[in-house]
>>> print(open('my_file20.txt').read())   # compact mmCIF, C-alpha atoms
# COMPACT_ATOMS: atom_id res chain seq x y z
CA MET A 613 -17.49 -12.49 8.39
CA THR A 614 -16.81 -8.91 7.32
CA VAL A 615 -13.75 -7.60 9.14
CA ASP A 616 -14.31 -4.44 11.18
CA ARG A 617 -11.56 -2.27 9.71
CA LEU A 618 -10.19 1.12 10.68
CA LEU A 619 -9.76 2.85 7.32
CA PRO A 620 -8.48 6.39 6.72
CA ASN A 621 -11.39 7.79 4.66
CA GLN A 622 -14.60 7.07 2.77
CA GLU A 623 -12.70 6.39 -0.46
CA ALA A 624 -10.90 3.53 1.25
CA GLU A 625 -14.19 2.22 2.65
CA ASP A 626 -15.66 2.20 -0.86
CA LEU A 627 -12.57 0.50 -2.28
CA LEU A 628 -12.73 -2.30 0.29
CA ALA A 629 -16.45 -2.75 -0.39
CA LEU A 630 -15.71 -3.00 -4.12
CA THR A 631 -12.96 -5.52 -3.42
CA ARG A 632 -15.18 -7.72 -1.26
CA ASP A 633 -17.94 -7.68 -3.86
CA LEU A 634 -15.58 -8.54 -6.73
CA ALA A 635 -13.78 -11.19 -4.68
CA ASP A 636 -17.05 -12.85 -3.71
CA LYS A 637 -18.24 -12.95 -7.33
CA GLU A 638 -15.01 -13.65 -9.24
CA LEU A 639 -12.71 -15.44 -6.79
CA ALA A 640 -14.81 -17.33 -4.26
CA THR A 641 -16.93 -18.89 -7.01
CA ARG A 642 -13.92 -20.21 -8.97
CA VAL A 643 -11.28 -21.11 -6.42
CA ASP A 644 -12.30 -24.72 -5.74
CA GLU A 645 -12.52 -25.60 -9.42
CA HIS A 646 -9.08 -24.25 -10.34
CA GLU A 647 -7.21 -25.30 -7.21
CA LYS A 648 -8.46 -28.89 -7.45
CA ALA A 649 -7.85 -29.15 -11.21
CA GLU A 650 -4.60 -27.14 -11.00
CA THR A 651 -5.72 -24.94 -13.90
CA TYR A 652 -4.92 -21.29 -14.55
CA PRO A 653 -7.79 -18.78 -14.12
CA GLU A 654 -7.77 -17.26 -17.60
CA GLY A 655 -8.96 -13.67 -17.72
CA LEU A 656 -9.09 -13.17 -13.97
CA PHE A 657 -6.14 -10.81 -13.74
CA ALA A 658 -7.58 -8.71 -16.54
CA THR A 659 -10.71 -8.39 -14.42
CA LEU A 660 -8.66 -7.32 -11.39
CA GLY A 661 -6.75 -4.86 -13.55
CA ALA A 662 -9.94 -3.37 -15.01
CA ALA A 663 -11.17 -2.82 -11.45
CA GLY A 664 -7.96 -0.94 -10.66
CA LEU A 665 -6.74 -3.44 -8.08
CA LEU A 666 -3.33 -4.23 -9.61
CA GLY A 667 -1.75 -0.79 -9.34
CA LEU A 668 -3.19 0.55 -6.12
CA PRO A 669 -0.04 1.78 -4.31
CA TYR A 670 1.47 3.50 -7.37
CA PRO A 671 1.08 7.09 -8.69
CA GLU A 672 -2.03 8.21 -10.53
CA GLU A 673 0.04 9.87 -13.25
CA PHE A 674 1.00 6.42 -14.50
CA GLY A 675 -2.41 4.84 -14.01
CA GLY A 676 -2.01 3.71 -10.40
CA GLY A 677 -4.47 4.17 -7.58
CA ALA A 678 -2.29 6.39 -5.36
CA GLN A 679 -3.52 4.48 -2.31
CA PRO A 680 -1.58 4.35 0.94
CA TYR A 681 0.00 1.01 1.70
CA GLU A 682 -2.28 0.42 4.68
CA VAL A 683 -5.25 0.41 2.28
CA TYR A 684 -3.56 -1.62 -0.46
CA LEU A 685 -2.59 -4.35 1.99
CA GLN A 686 -6.13 -4.66 3.27
CA VAL A 687 -7.29 -5.14 -0.31
CA LEU A 688 -4.76 -7.96 -0.63
CA GLU A 689 -6.07 -9.44 2.60
CA GLU A 690 -9.63 -9.50 1.27
CA LEU A 691 -8.47 -11.21 -1.93
CA ALA A 692 -6.48 -13.79 0.04
CA ALA A 693 -9.48 -14.63 2.21
CA ARG A 694 -11.17 -15.88 -0.99
CA TRP A 695 -8.21 -17.18 -3.01
CA ALA A 696 -4.69 -17.17 -1.63
CA ALA A 697 -2.94 -18.03 -4.92
CA VAL A 698 -4.49 -15.06 -6.72
CA ALA A 699 -3.69 -12.71 -3.84
CA VAL A 700 -0.06 -13.86 -3.78
CA ALA A 701 0.23 -13.38 -7.54
CA THR A 702 -1.29 -9.91 -7.15
CA SER A 703 1.28 -9.08 -4.47
CA VAL A 704 4.10 -10.40 -6.67
CA HIS A 705 2.85 -8.28 -9.58
CA GLY A 706 3.08 -5.22 -7.31
CA LEU A 707 6.57 -6.33 -6.26
CA ALA A 708 7.60 -6.67 -9.92
CA CYS A 709 6.40 -3.12 -10.65
CA PHE A 710 8.47 -1.67 -7.79
CA PRO A 711 11.90 -1.50 -9.53
CA ILE A 712 10.70 0.53 -12.51
CA ALA A 713 8.33 2.68 -10.43
CA THR A 714 11.10 3.51 -7.93
CA TYR A 715 14.34 3.37 -9.95
CA GLY A 716 13.23 3.76 -13.57
CA THR A 717 13.89 6.86 -15.65
CA ALA A 718 11.04 9.15 -16.61
CA GLU A 719 11.12 7.68 -20.11
CA GLN A 720 11.04 4.08 -18.84
CA LYS A 721 8.12 4.84 -16.56
CA GLN A 722 6.18 6.54 -19.33
CA SER A 723 6.84 3.71 -21.77
CA TRP A 724 6.05 0.72 -19.60
CA LEU A 725 4.43 1.57 -16.28
CA PRO A 726 0.87 2.49 -17.41
CA ASP A 727 0.23 -0.93 -18.99
CA MET A 728 1.76 -2.66 -15.97
CA LEU A 729 -0.35 -0.80 -13.44
CA ALA A 730 -3.50 -1.30 -15.51
CA GLY A 731 -2.92 -5.04 -15.44
CA GLU A 732 -2.48 -5.22 -19.22
CA ARG A 733 0.97 -6.62 -18.52
CA ILE A 734 1.29 -8.99 -15.56
CA GLY A 735 4.66 -9.15 -13.83
CA GLY A 736 6.88 -11.71 -12.14
CA TYR A 737 9.85 -11.25 -9.82
CA SER A 738 12.95 -13.19 -10.82
CA LEU A 739 15.59 -13.08 -8.09
CA SER A 740 16.07 -16.61 -6.72
CA GLU A 741 18.22 -19.28 -8.35
CA PRO A 742 18.58 -23.00 -7.66
CA GLN A 743 21.70 -22.37 -5.58
CA ALA A 744 20.84 -18.84 -4.42
CA GLY A 745 17.62 -18.47 -2.47
CA SER A 746 18.11 -16.68 0.82
CA ASP A 747 21.66 -15.72 -0.23
CA ALA A 748 20.73 -13.40 -3.09
CA ALA A 749 24.31 -12.10 -3.38
CA ALA A 750 25.35 -15.58 -4.61
CA LEU A 751 23.32 -15.45 -7.79
CA ALA A 752 25.12 -16.55 -10.96
CA CYS A 753 22.76 -15.76 -13.86
CA LYS A 754 24.83 -13.26 -15.81
CA ALA A 755 24.24 -10.44 -18.27
CA VAL A 756 27.19 -9.52 -20.44
CA LYS A 757 27.05 -6.07 -21.98
CA GLU A 758 27.62 -5.93 -25.72
CA GLU A 759 26.63 -3.74 -28.61
CA GLY A 760 22.86 -3.42 -28.53
CA GLY A 761 22.22 -4.59 -24.99
CA TYR A 762 22.81 -7.37 -22.47
CA ARG A 763 23.31 -11.03 -23.32
CA VAL A 764 21.66 -13.05 -20.51
CA THR A 765 22.70 -16.59 -19.63
CA GLY A 766 21.72 -18.69 -16.62
CA THR A 767 18.84 -20.21 -14.67
CA LYS A 768 16.35 -18.55 -12.34
CA ALA A 769 14.03 -20.45 -9.98
CA TRP A 770 10.80 -20.24 -7.99
CA ILE A 771 9.16 -17.65 -10.24
CA THR A 772 5.53 -16.99 -9.38
CA HIS A 773 3.58 -16.62 -12.64
CA GLY A 774 6.59 -18.08 -14.47
CA GLY A 775 5.83 -18.64 -18.13
CA ARG A 776 2.59 -16.66 -17.82
CA ALA A 777 3.86 -13.19 -16.92
CA ASP A 778 4.36 -10.50 -19.55
CA PHE A 779 7.46 -9.08 -17.88
CA TYR A 780 9.93 -9.95 -15.13
CA SER A 781 12.03 -7.85 -12.81
CA LEU A 782 15.17 -9.88 -13.49
CA PHE A 783 18.27 -9.72 -11.29
CA VAL A 784 21.50 -10.68 -13.00
CA ARG A 785 25.23 -10.58 -12.42
CA THR A 786 27.03 -7.85 -14.38
CA GLY A 787 30.17 -7.73 -12.24
CA GLU A 788 31.90 -9.22 -9.23
CA GLY A 789 30.64 -9.55 -5.67
CA SER A 790 27.51 -8.12 -4.10
CA ARG A 791 27.97 -4.86 -6.00
CA GLY A 792 28.04 -6.69 -9.30
CA ILE A 793 24.31 -7.35 -9.53
CA SER A 794 21.92 -5.36 -11.72
CA CYS A 795 18.20 -5.29 -12.47
CA LEU A 796 16.71 -5.64 -15.95
CA LEU A 797 13.09 -5.29 -17.00
CA ALA A 798 12.85 -8.52 -18.98
CA PRO A 799 10.09 -9.35 -21.47
CA GLY A 800 7.94 -12.40 -20.89
CA ARG A 801 8.84 -13.77 -24.30
CA ALA A 802 12.28 -13.58 -25.90
CA GLU A 803 14.44 -15.67 -28.18
CA GLY A 804 16.67 -17.69 -25.87
CA LEU A 805 14.19 -17.68 -22.95
CA SER A 806 12.38 -20.87 -21.97
CA PHE A 807 10.56 -22.04 -18.87
CA GLY A 808 10.67 -25.30 -16.98
CA ARG A 809 7.70 -27.47 -16.16
CA PRO A 810 5.58 -25.92 -13.39
CA GLU A 811 6.57 -27.12 -9.93
CA GLU A 812 4.29 -29.72 -8.34
CA LYS A 813 3.49 -27.75 -5.22
CA MET A 814 1.72 -28.52 -1.97
CA GLY A 815 -0.64 -25.59 -2.51
CA LEU A 816 -1.32 -22.45 -4.60
CA HIS A 817 -2.01 -24.80 -7.50
CA ALA A 818 -3.76 -22.38 -9.86
CA ILE A 819 -0.76 -20.08 -10.37
CA PRO A 820 2.36 -21.68 -11.88
CA THR A 821 5.78 -21.50 -10.24
CA THR A 822 8.63 -22.31 -12.63
CA THR A 823 12.30 -22.04 -13.45
CA ALA A 824 13.44 -19.79 -16.30
CA ASN A 825 16.33 -20.72 -18.56
CA TRP A 826 18.17 -17.87 -20.24
CA ASP A 827 20.25 -19.16 -23.14
CA GLY A 828 21.99 -16.09 -24.52
CA ALA A 829 18.87 -13.93 -24.86
CA LEU A 830 19.67 -10.36 -25.89
CA LEU A 831 17.86 -7.62 -23.96
CA ASP A 832 18.03 -3.99 -25.07
CA SER A 833 20.20 -1.61 -23.07
CA ASP A 834 17.17 0.52 -22.17
CA ARG A 835 15.89 -2.36 -20.03
CA LEU A 836 18.47 -1.66 -17.31
CA LEU A 837 16.69 -0.26 -14.23
CA GLY A 838 18.80 2.01 -12.05
CA ALA A 839 22.55 1.80 -12.44
CA GLU A 840 24.71 -1.24 -13.05
CA GLY A 841 25.61 -2.75 -9.69
CA GLN A 842 22.51 -1.34 -7.96
CA GLY A 843 20.56 -4.59 -8.22
CA LEU A 844 20.77 -5.81 -4.64
CA GLN A 845 19.74 -2.41 -3.32
CA ILE A 846 16.72 -2.52 -5.62
CA ALA A 847 15.92 -6.14 -4.73
CA PHE A 848 16.08 -5.67 -0.98
CA SER A 849 14.14 -2.42 -1.10
CA ALA A 850 11.41 -4.15 -3.09
CA LEU A 851 11.36 -7.11 -0.71
CA ASP A 852 10.57 -4.90 2.28
CA SER A 853 7.33 -3.98 0.52
CA GLY A 854 6.82 -7.52 -0.75
CA ARG A 855 7.05 -8.96 2.75
CA LEU A 856 4.18 -6.74 3.80
CA GLY A 857 2.19 -8.08 0.86
CA ILE A 858 2.76 -11.65 2.01
CA ALA A 859 1.89 -10.69 5.60
CA ALA A 860 -1.44 -9.35 4.37
CA CYS A 861 -2.08 -12.47 2.28
CA ALA A 862 -1.28 -14.69 5.26
CA THR A 863 -3.66 -12.68 7.44
CA GLY A 864 -6.47 -13.04 4.90
CA LEU A 865 -5.87 -16.78 4.72
CA ALA A 866 -5.92 -17.05 8.51
CA GLN A 867 -9.14 -15.01 8.65
CA ALA A 868 -10.78 -17.41 6.18
CA ALA A 869 -9.72 -20.39 8.31
CA LEU A 870 -11.03 -18.73 11.47
CA ASP A 871 -14.36 -17.96 9.80
CA ALA A 872 -14.72 -21.56 8.61
CA ALA A 873 -13.92 -22.90 12.07
CA VAL A 874 -16.34 -20.53 13.81
CA ASP A 875 -19.14 -21.37 11.37
CA TYR A 876 -18.62 -25.08 11.90
CA ALA A 877 -18.41 -24.71 15.68
CA ASN A 878 -21.74 -22.88 15.70
CA GLU A 879 -23.44 -25.59 13.64
CA ARG A 880 -21.98 -28.82 15.02
CA THR A 881 -23.36 -30.24 18.28
CA THR A 882 -21.91 -32.77 20.71
CA PHE A 883 -23.16 -33.86 24.13
CA GLY A 884 -26.31 -31.82 23.63
CA LYS A 885 -24.80 -28.41 22.84
CA LYS A 886 -22.96 -26.53 20.11
CA ILE A 887 -19.27 -27.34 20.15
CA VAL A 888 -18.46 -23.61 20.31
CA ASP A 889 -19.99 -23.67 23.81
CA HIS A 890 -17.47 -26.23 25.06
CA GLN A 891 -14.83 -24.26 26.91
CA GLY A 892 -11.88 -26.15 25.46
CA LEU A 893 -12.93 -25.41 21.90
CA GLY A 894 -14.09 -21.89 22.70
CA PHE A 895 -10.65 -21.06 24.08
CA LEU A 896 -8.99 -22.52 20.97
CA LEU A 897 -11.14 -20.29 18.76
CA ALA A 898 -10.31 -17.31 20.99
CA ASP A 899 -6.59 -17.94 20.51
CA MET A 900 -7.13 -18.19 16.76
CA ALA A 901 -8.99 -14.87 16.71
CA ALA A 902 -6.28 -13.21 18.79
CA ALA A 903 -3.61 -14.48 16.36
CA VAL A 904 -5.48 -13.07 13.34
CA ASP A 905 -6.07 -9.69 14.99
CA SER A 906 -2.42 -9.50 16.08
CA ALA A 907 -1.18 -10.33 12.58
CA ARG A 908 -3.35 -7.61 11.07
CA ALA A 909 -2.24 -5.01 13.61
CA THR A 910 1.42 -5.89 13.02
CA TYR A 911 1.35 -5.50 9.23
CA LEU A 912 -0.70 -2.30 9.50
CA ASP A 913 1.86 -0.78 11.89
CA ALA A 914 4.62 -1.43 9.35
CA ALA A 915 2.48 -0.13 6.48
CA ARG A 916 1.69 3.11 8.29
CA ARG A 917 5.40 3.66 8.90
CA ARG A 918 6.02 3.14 5.21
CA ASP A 919 3.25 5.60 4.32
CA LEU A 920 4.83 8.21 6.61
CA GLY A 921 8.21 7.76 4.96
CA ARG A 922 9.75 6.29 8.10
CA PRO A 923 12.10 3.28 8.17
CA TYR A 924 10.05 0.10 8.22
CA GLY A 925 12.38 -2.73 7.17
CA ARG A 926 12.54 -4.34 10.62
CA GLN A 927 8.79 -3.93 11.09
CA ALA A 928 8.21 -5.54 7.68
CA SER A 929 10.22 -8.57 8.79
CA VAL A 930 8.29 -8.70 12.07
CA ALA A 931 5.00 -8.52 10.18
CA LYS A 932 5.98 -11.26 7.74
CA LEU A 933 7.18 -13.48 10.59
CA VAL A 934 4.19 -12.91 12.87
CA ALA A 935 1.50 -13.10 10.17
CA THR A 936 2.79 -16.22 8.42
CA ASP A 937 3.45 -18.10 11.65
CA ALA A 938 -0.06 -17.12 12.74
CA ALA A 939 -1.51 -18.38 9.45
CA MET A 940 0.21 -21.74 9.88
CA LYS A 941 -1.11 -22.12 13.42
CA VAL A 942 -4.63 -20.86 12.73
CA THR A 943 -5.13 -23.02 9.64
CA THR A 944 -3.83 -26.09 11.47
CA ASP A 945 -6.16 -25.38 14.38
CA ALA A 946 -9.06 -24.93 11.95
CA VAL A 947 -8.48 -28.47 10.68
CA GLN A 948 -8.53 -29.64 14.31
CA VAL A 949 -11.83 -27.87 14.96
CA LEU A 950 -13.46 -29.66 12.04
CA GLY A 951 -12.01 -32.99 13.13
CA GLY A 952 -12.15 -35.70 10.49
CA TYR A 953 -14.06 -33.42 8.13
CA GLY A 954 -11.21 -30.94 8.27
CA TYR A 955 -8.90 -33.54 6.78
CA THR A 956 -11.11 -34.01 3.73
CA ARG A 957 -11.43 -31.90 0.61
CA ASP A 958 -15.12 -31.42 1.29
CA PHE A 959 -14.12 -28.41 3.40
CA PRO A 960 -11.54 -25.74 2.46
CA VAL A 961 -9.54 -25.78 5.69
CA GLU A 962 -7.19 -28.55 4.51
CA ARG A 963 -6.32 -26.34 1.52
CA TYR A 964 -5.80 -23.35 3.79
CA MET A 965 -3.30 -25.34 5.86
CA ARG A 966 -1.36 -26.38 2.76
CA GLU A 967 -1.34 -22.84 1.44
CA ALA A 968 -0.16 -21.36 4.74
CA LYS A 969 3.07 -23.40 4.75
CA ILE A 970 4.66 -21.68 1.75
CA MET A 971 4.04 -18.27 3.30
CA GLN A 972 6.62 -19.08 5.96
CA ILE A 973 9.12 -19.72 3.16
CA PHE A 974 8.88 -17.28 0.26
CA GLU A 975 9.85 -13.58 0.30
CA GLY A 976 12.58 -14.62 2.73
CA THR A 977 12.11 -17.60 5.04
CA ASN A 978 11.03 -16.89 8.58
CA GLN A 979 14.51 -17.86 9.73
CA ILE A 980 15.82 -15.01 7.53
CA GLN A 981 13.24 -12.66 9.08
CA ARG A 982 14.54 -13.56 12.53
CA LEU A 983 18.05 -12.82 11.32
CA VAL A 984 16.98 -9.41 10.00
CA ILE A 985 15.19 -8.60 13.26
CA SER A 986 18.06 -9.74 15.45
CA ARG A 987 20.57 -7.65 13.48
CA GLY A 988 18.36 -4.65 14.05
CA LEU A 989 18.67 -5.20 17.77
CA ALA A 990 22.48 -5.39 17.76
CA ARG A 991 24.33 -2.34 19.06
>>> encode(input="my_file20.txt", output="structure tokens")
Amino acid sequence: MTVDRLLPNQEAEDLLALTRDLADKELATRVDEHEKAETYPEGLFATLGAAGLLGLPYPEEFGGGAQPYEVYLQVLEELAARWAAVAVATSVHGLACFPIATYGTAEQKQSWLPDMLAGERIGGYSLSEPQAGSDAAALACKAVKEEGGYRVTGTKAWITHGGRADFYSLFVRTGEGSRGISCLLAPGRAEGLSFGRPEEKMGLHAIPTTTANWDGALLDSDRLLGAEGQGLQIAFSALDSGRLGIAACATGLAQAALDAAVDYANERTTFGKKIVDHQGLGFLLADMAAAVDSARATYLDAARRRDLGRPYGRQASVAKLVATDAAMKVTTDAVQVLGGYGYTRDFPVERYMREAKIMQIFEGTNQIQRLVISRGLAR
């Protein structure tokens, strides 16, 4: 169903209508084919970029849409309701643009940002390593400064769009300790850069997730974003926004599962009446609807704080926690509503359940979100 949204103006209404129309035509019609075959949707991100959907929260002067975050996240939600993998990759692209948009020099922004925001260059976010996931300060991939730039050596892991992206926000060690981490705008192709075989994942099959192996690749000095040693500050600042993106994606996925369950419950009959009219199932659907509405309200609260320039880090963690836990529960319940059919690939709810699981893990596991929230409560 079409979600009844509270949007700030007519421009936002039109943008959401455009998004729904494009998503119905370009995403909903292709998702089953690519997710089942585990094939990449060639040309799709160019289509999203041409529609202006890949740079929505960034300034118009560099080709962005200058949209408030509360609107951008609802666009992501609509995309996720049709194709979660594409919505996640769109969110990650926005996350990858954040370091240069926020910490880049005027010259760096002018040189690189317009193509990034137009979707002519798709981005990936390269922070995690095999031994450094939640503990980002433990990363070991290093960049040694020498004449002409930085020599990068090491391995990065769990990169969404790995091997396909045109650039990566790459976090590397340039010194000791947590203040010895820096951010480089890395090209998608470079001598000394190779990618591992795509991970064989439970879900989100159409978009590759890979390791990256840096074997002495030389990156120009002008690819340093911010100052040396500022990398963790950049990474964590970006992740606050990224967590809201994942919360929106999780909400869209949950909405799709709810819609599928409601449609089925209104069509299927047992004991002489529609199964939606059985109180036990009706109450289950009511709980699912309440979970979706609560997830949406939670991420929108955080987004509106961000738009007002107020602190929102704790609220972003709450939104990511609430929305992704809700998605896991709602998608699992949707399978239950469909019974045996829900466990088959004839219906999309089994895919929704598989896709929901990763959302509790990436952009900081939900255990990390609880840690962030609890620290915010300490006095």
>>> residues_around(input="my_file20.txt", residues="segment 985-989 of chain A", least_positions_apart="3", cutoff="12 Å", atoms="only C-alpha atoms", output="list of chain:residue names")
A:Pro923, A:Tyr924, A:Gly925, A:Arg926, A:Gln927, A:Ala928, A:Ser929, A:Val930, A:Ala931, A:Lys932, A:Leu933, A:Val934, A:Asn978, A:Gln979, A:Ile980, A:Gln981, A:Arg982
>>> write_last_selection(input="my_file20.txt", atoms="C-alpha atoms", output="PDB file, in the frame of the given file")
ATOM      1  CA  PRO A 923      12.100   3.280   8.170  1.00  0.00           C
ATOM      2  CA  TYR A 924      10.050   0.100   8.220  1.00  0.00           C
ATOM      3  CA  GLY A 925      12.380  -2.730   7.170  1.00  0.00           C
ATOM      4  CA  ARG A 926      12.540  -4.340  10.620  1.00  0.00           C
ATOM      5  CA  GLN A 927       8.790  -3.930  11.090  1.00  0.00           C
ATOM      6  CA  ALA A 928       8.210  -5.540   7.680  1.00  0.00           C
ATOM      7  CA  SER A 929      10.220  -8.570   8.790  1.00  0.00           C
ATOM      8  CA  VAL A 930       8.290  -8.700  12.070  1.00  0.00           C
ATOM      9  CA  ALA A 931       5.000  -8.520  10.180  1.00  0.00           C
ATOM     10  CA  LYS A 932       5.980 -11.260   7.740  1.00  0.00           C
ATOM     11  CA  LEU A 933       7.180 -13.480  10.590  1.00  0.00           C
ATOM     12  CA  VAL A 934       4.190 -12.910  12.870  1.00  0.00           C
ATOM     13  CA  ASN A 978      11.030 -16.890   8.580  1.00  0.00           C
ATOM     14  CA  GLN A 979      14.510 -17.860   9.730  1.00  0.00           C
ATOM     15  CA  ILE A 980      15.820 -15.010   7.530  1.00  0.00           C
ATOM     16  CA  GLN A 981      13.240 -12.660   9.080  1.00  0.00           C
ATOM     17  CA  ARG A 982      14.540 -13.560  12.530  1.00  0.00           C
TER      18      ARG A 982
END
>>> residues_near_point(input="my_file20.txt", point="(0.4, -0.7, 6.9)", cutoff="10 Å", atoms="all atoms listed in the file", output="list in words")
Pro680, Tyr681, Glu682, Val683, Tyr684, Leu685, Gln686, Ser853, Leu856, Gly857, Ala860, Arg908, Ala909, Thr910, Tyr911, Leu912, Asp913, Ala914, Ala915, Arg916, Arg917, Arg918, Asp919, Leu920, Tyr924, Gln927, Ala928 and Ala931 of chain A
>>> closest_residue(input="my_file20.txt", among="A:Leu865, A:Leu668, A:Ala847, A:Ile793", to="Ser703 of chain A", atoms="only C-alpha atoms")
A:Leu668
>>> residues_around(input="my_file20.txt", residues="Ala872 of chain A", least_positions_apart="2", cutoff="10 Å", atoms="all atoms listed in the file", output="PyMOL selection string")
chain A and resi 613+866-870+874-877+943+946-947+949-950+959-961
>>> write_last_selection(input="my_file20.txt", atoms="C-alpha atoms", output="compact mmCIF listing (two decimals), keeping the file's coordinate frame")
# COMPACT_ATOMS: atom_id res chain seq x y z
CA MET A 613 -17.49 -12.49 8.39
CA ALA A 866 -5.92 -17.05 8.51
CA GLN A 867 -9.14 -15.01 8.65
CA ALA A 868 -10.78 -17.41 6.18
CA ALA A 869 -9.72 -20.39 8.31
CA LEU A 870 -11.03 -18.73 11.47
CA VAL A 874 -16.34 -20.53 13.81
CA ASP A 875 -19.14 -21.37 11.37
CA TYR A 876 -18.62 -25.08 11.90
CA ALA A 877 -18.41 -24.71 15.68
CA THR A 943 -5.13 -23.02 9.64
CA ALA A 946 -9.06 -24.93 11.95
CA VAL A 947 -8.48 -28.47 10.68
CA VAL A 949 -11.83 -27.87 14.96
CA LEU A 950 -13.46 -29.66 12.04
CA PHE A 959 -14.12 -28.41 3.40
CA PRO A 960 -11.54 -25.74 2.46
CA VAL A 961 -9.54 -25.78 5.69
>>> residues_around(input="my_file20.txt", residues="Trp695 of chain A", least_positions_apart="3", cutoff="7 Å", atoms="all atoms listed in the file", output="list in words")
Leu639, Ala640, Val643, Leu691, Ala692, Val698 and Ala699 of chain A
>>> closest_residue(input="my_file20.txt", among="A:Ile887, A:Ser849, A:Asp747, A:Gly951", to="Thr977 of chain A", atoms="all atoms listed in the file")
A:Asp747
>>> atom_distance(input="my_file20.txt", atom1="atom CA of Arg963 of chain A", atom2="atom CA of Gly815 of chain A")
7.0 Å
>>> closest_residue(input="my_file20.txt", among="A:Arg966, A:Arg957, A:Arg763, A:Lys757", to="Leu816 of chain A", atoms="only C-alpha atoms")
A:Arg966
>>> closest_residue(input="my_file20.txt", among="A:Thr614, A:Thr786, A:Ser723, A:Asn621", to="Asp633 of chain A", atoms="all atoms listed in the file")
A:Thr614
>>> closest_residue(input="my_file20.txt", among="A:Gly789, A:Gly854, A:Pro669, A:Gly736", to="Ala749 of chain A", atoms="all atoms listed in the file")
A:Gly789
>>> residues_around(input="my_file20.txt", residues="segment 771-782 of chain A", least_positions_apart="3", cutoff="8 Å", atoms="all atoms listed in the file", output="ChimeraX atom specification")
/A:701,704,708-709,711,733-740,768,795-801,806-807,810,819-824
>>> atom_distance(input="my_file20.txt", atom1="atom CA of Gly884 of chain A", atom2="atom CA of Asp899 of chain A")
24.3 Å
>>> atom_distance(input="my_file20.txt", atom1="atom CA of Val764 of chain A", atom2="atom CA of Arg835 of chain A")
12.2 Å
>>> axis_aligned_box(input="my_file20.txt", around="segment 902-916 of chain A", padding_each_side="3 Å", output="JSON")
{"center_x": -0.8, "center_y": -5.7, "center_z": 12.6, "size_x": 16.9, "size_y": 23.6, "size_z": 18.3}
>>> closest_residue(input="my_file20.txt", among="A:Glu803, A:Asp905, A:Gln743, A:Phe883", to="Arg617 of chain A", atoms="all atoms listed in the file")
A:Asp905
>>> residues_around(input="my_file20.txt", residues="Arg785 of chain A", least_positions_apart="6", cutoff="10 Å", atoms="only C-alpha atoms", output="number ranges by chain")
A: 749-756, 764-766, 791-795, 840-841, 843
